[in-house]
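A.B. asks: Quick one: the structure is below, and I'll ask about it shortly.
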Amino acid sequence: MTVPARLLRTAAFAALPALALHAAPVISTFGPLRNRVMPRLAGRGRADHVALTFDDGPDPLSTPFFLRALDERKIRATFFLLGREARRSPGLVREIAAAGHETAIHGWLHRPLLLRGPGATHDDLARARDTVGDLTGQPPRLFRPPYGVMSTAAHLAARRLGLTPVLWTCWGEDWTARATPDSVHRTVVRDLDGGGTILLHDSDCTSAPGAWRSALGALPHLLDSCDQRGLTVGPLREHRV
């Protein structure tokens, strides 16, 4: 083995503990474990309440349909916004907030934070937080990482920025080309219970083209299912115990 190769191998082994520490929070990506032992991160709240959340917006082609559907049912939700998309559609961000919905951040770009270092992670979250806060006049307090994958750097950055990470307890798998309103509804209610947090998408910017229509079509049925179970639906700000 040449000297440079030996040095590279030694450096790689030396870096393993740091890499393991950085990636340790990835375990929270496993939903059943998260729901059982990390209730706060999973979005567990009041037993008579369900938090309704949307990711990846705002999108002027799709988000207005969700706002209209929610307004018809007098339901408010939490929208985890991408900073770049918020900057592109500032009027829509203000419309979301003016309608009484809670605005939170999903990062600046929809890129895995696990692949980013501490500085880049902090800058990504800070840029999104400041952009959404400036547009709404209310600093966001909640953060959801892209793909639901946390890192140690993301936890530290969120703490410094006054953000609380929140994932979900059930989702609709509404980002795929094969998703339908029926499949989204069925997938959500399979894991839905009081105190849970639902994840849907009001944009297809990171999904199959037009996939948002499956979530929109499922929304009335999901709200009906919650009514039938005696569960109220609202944003995460009304969800905490």
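The way I read the labels, and the way they are meant: chains A, B, ... in the order of the structure tokens, residue 1 as the first residue of every chain, and ligand 1 as the first ligand shown, with later ones counted on from there.
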Find the residues near Ala154 of chain A: any atom within 7 Å, counting only C-alpha atoms, skip ones fewer than 4 places away on the same chain, and give them as a PyMOL selection string.

C.D. replies: chain A and resi 113+121+150+158

A.B. asks: Would you give me, as a list in words, the residues in segment 34-133 of chain A that DSSP reads as strand (DSSP E)?

C.D. replies: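 DSSP on the backbone gives strand (DSSP E) at His49, Val50, Ala51, Leu52, Thr53, Phe54, Asp55, Asp56, Gly57, Thr78, Phe79, Phe80, Leu81, Glu102, Thr103, Ala104 and Ile105 of chain A.
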
A.B. asks: Which of these, A:Leu61, A:Ala208, A:Ala77, A:Met38, has the shortest distance to Ala177 of chain A once you count only C-alpha atoms?

C.D. replies: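 Among A:Leu61, A:Ala208, A:Ala77, A:Met38, it is A:Ala208 that comes nearest to Ala177 of chain A.
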
A.B. asks: Can you tell me which residues surround Arg84 of chain A at a distance of at most 10 Å, considering only C-alpha atoms, apart from same-chain residues fewer than 2 positions away, and format the answer as a PyMOL selection string?

C.D. replies: chain A and resi 57-58+81-82+86-89+107-110+127-128+131-132

A.B. asks: Using only C-alpha atoms, which protein or nucleic acid residues come within 6 Å of Ser214 of chain A? Drop anything in the same chain fewer than 2 positions from it, and give the result as a PDB file with C-alpha atoms, in the first residue's frame.

C.D. replies:
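See around.pdb below for the written result:
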```
ATOM      1  CA  THR A 180     -55.470   8.125  -6.619  1.00  0.00           C
ATOM      2  CA  PRO A 181     -57.878   9.848  -4.224  1.00  0.00           C
ATOM      3  CA  ALA A 211     -49.808  14.019  -8.281  1.00  0.00           C
ATOM      4  CA  TRP A 212     -51.293  16.757  -6.090  1.00  0.00           C
ATOM      5  CA  LEU A 216     -56.948  17.155  -3.332  1.00  0.00           C
ATOM      6  CA  GLY A 217     -59.473  14.500  -4.312  1.00  0.00           C
TER       7      GLY A 217
END
```

A.B. asks: When you count only C-alpha atoms, which of these residues is closest to Ala157 of chain A: A:Pro39, A:Leu135, A:Leu125, A:Glu173?

C.D. replies: A:Leu125

A.B. asks: What's around Arg240 of chain A at 9 Å? Count only C-alpha atoms, leave out sequence neighbours fewer than 3 positions away in its own chain, and write the answer as a PDB file with N, CA, C and O atoms, in the first residue's frame.

C.D. replies:
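See result_6.pdb below for the written result:
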```
ATOM      1  N   ARG A  40     -43.090  13.576  20.165  1.00  0.00           N
ATOM      2  CA  ARG A  40     -43.038  15.004  19.834  1.00  0.00           C
ATOM      3  C   ARG A  40     -42.551  15.207  18.402  1.00  0.00           C
ATOM      4  O   ARG A  40     -43.123  16.004  17.644  1.00  0.00           O
ATOM      5  N   GLY A  43     -45.150  14.395  15.835  1.00  0.00           N
ATOM      6  CA  GLY A  43     -46.312  15.268  15.748  1.00  0.00           C
ATOM      7  C   GLY A  43     -47.496  14.787  16.558  1.00  0.00           C
ATOM      8  O   GLY A  43     -48.646  15.075  16.228  1.00  0.00           O
ATOM      9  N   ARG A  44     -47.239  14.054  17.629  1.00  0.00           N
ATOM     10  CA  ARG A  44     -48.310  13.591  18.499  1.00  0.00           C
ATOM     11  C   ARG A  44     -48.854  14.762  19.323  1.00  0.00           C
ATOM     12  O   ARG A  44     -48.096  15.538  19.886  1.00  0.00           O
ATOM     13  N   GLY A  45     -50.179  14.852  19.374  1.00  0.00           N
ATOM     14  CA  GLY A  45     -50.804  15.939  20.114  1.00  0.00           C
ATOM     15  C   GLY A  45     -52.032  15.485  20.862  1.00  0.00           C
ATOM     16  O   GLY A  45     -52.112  14.350  21.327  1.00  0.00           O
ATOM     17  N   ARG A  46     -53.019  16.379  20.944  1.00  0.00           N
ATOM     18  CA  ARG A  46     -54.251  16.097  21.682  1.00  0.00           C
ATOM     19  C   ARG A  46     -54.960  14.878  21.126  1.00  0.00           C
ATOM     20  O   ARG A  46     -55.074  14.710  19.917  1.00  0.00           O
ATOM     21  N   GLY A 195     -54.742  12.426  17.857  1.00  0.00           N
ATOM     22  CA  GLY A 195     -53.412  12.902  18.223  1.00  0.00           C
ATOM     23  C   GLY A 195     -52.398  12.798  17.108  1.00  0.00           C
ATOM     24  O   GLY A 195     -51.255  13.197  17.272  1.00  0.00           O
ATOM     25  N   LEU A 236     -51.032  22.462  13.397  1.00  0.00           N
ATOM     26  CA  LEU A 236     -50.206  21.967  14.499  1.00  0.00           C
ATOM     27  C   LEU A 236     -50.222  22.907  15.699  1.00  0.00           C
ATOM     28  O   LEU A 236     -50.048  22.457  16.833  1.00  0.00           O
ATOM     29  N   ARG A 237     -50.439  24.191  15.479  1.00  0.00           N
ATOM     30  CA  ARG A 237     -50.438  25.123  16.606  1.00  0.00           C
ATOM     31  C   ARG A 237     -51.577  24.836  17.581  1.00  0.00           C
ATOM     32  O   ARG A 237     -51.524  25.241  18.753  1.00  0.00           O
TER      33      ARG A 237
END
```

A.B. asks: Write out, as a tab-separated table, each residue of segment 102-220 of chain A that has an atom at most 8 Å from segment 52-55 of chain A, together with the closest pair of atoms and their distance in Å to one decimal, counting only C-alpha atoms, rows going by chain and rising number.

C.D. replies:
```
residue	atom	partner	partner_atom	distance
A:His106	CA	A:Asp55	CA	7.1
A:Thr197	CA	A:Leu52	CA	6.1
A:Ile198	CA	A:Leu52	CA	5.1
A:Leu199	CA	A:Thr53	CA	5.2
A:Leu200	CA	A:Phe54	CA	4.9
A:His201	CA	A:Asp55	CA	4.8
A:Asp202	CA	A:Phe54	CA	5.9
A:Ser203	CA	A:Asp55	CA	7.3
```

A.B. asks: What does the distance from atom CA of Val149 of chain A to atom CA of Thr164 of chain A come to in Å, to one decimal?

C.D. replies: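 That distance, rounded to one decimal, is 14.2 Å.
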
A.B. asks: Of the residues A:Pro146, A:Gly162, A:Glu72, A:Glu95, which is the one nearest to Leu223 of chain A, using only C-alpha atoms?

C.D. replies: A:Glu72

A.B. asks: Find the residue from A:His221, A:Arg141, A:Arg186, A:His239 that sits nearest to Arg73 of chain A; use only C-alpha atoms when measuring.

C.D. replies: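 When distances to Arg73 of chain A are compared using only C-alpha atoms, the smallest one comes from A:His221.
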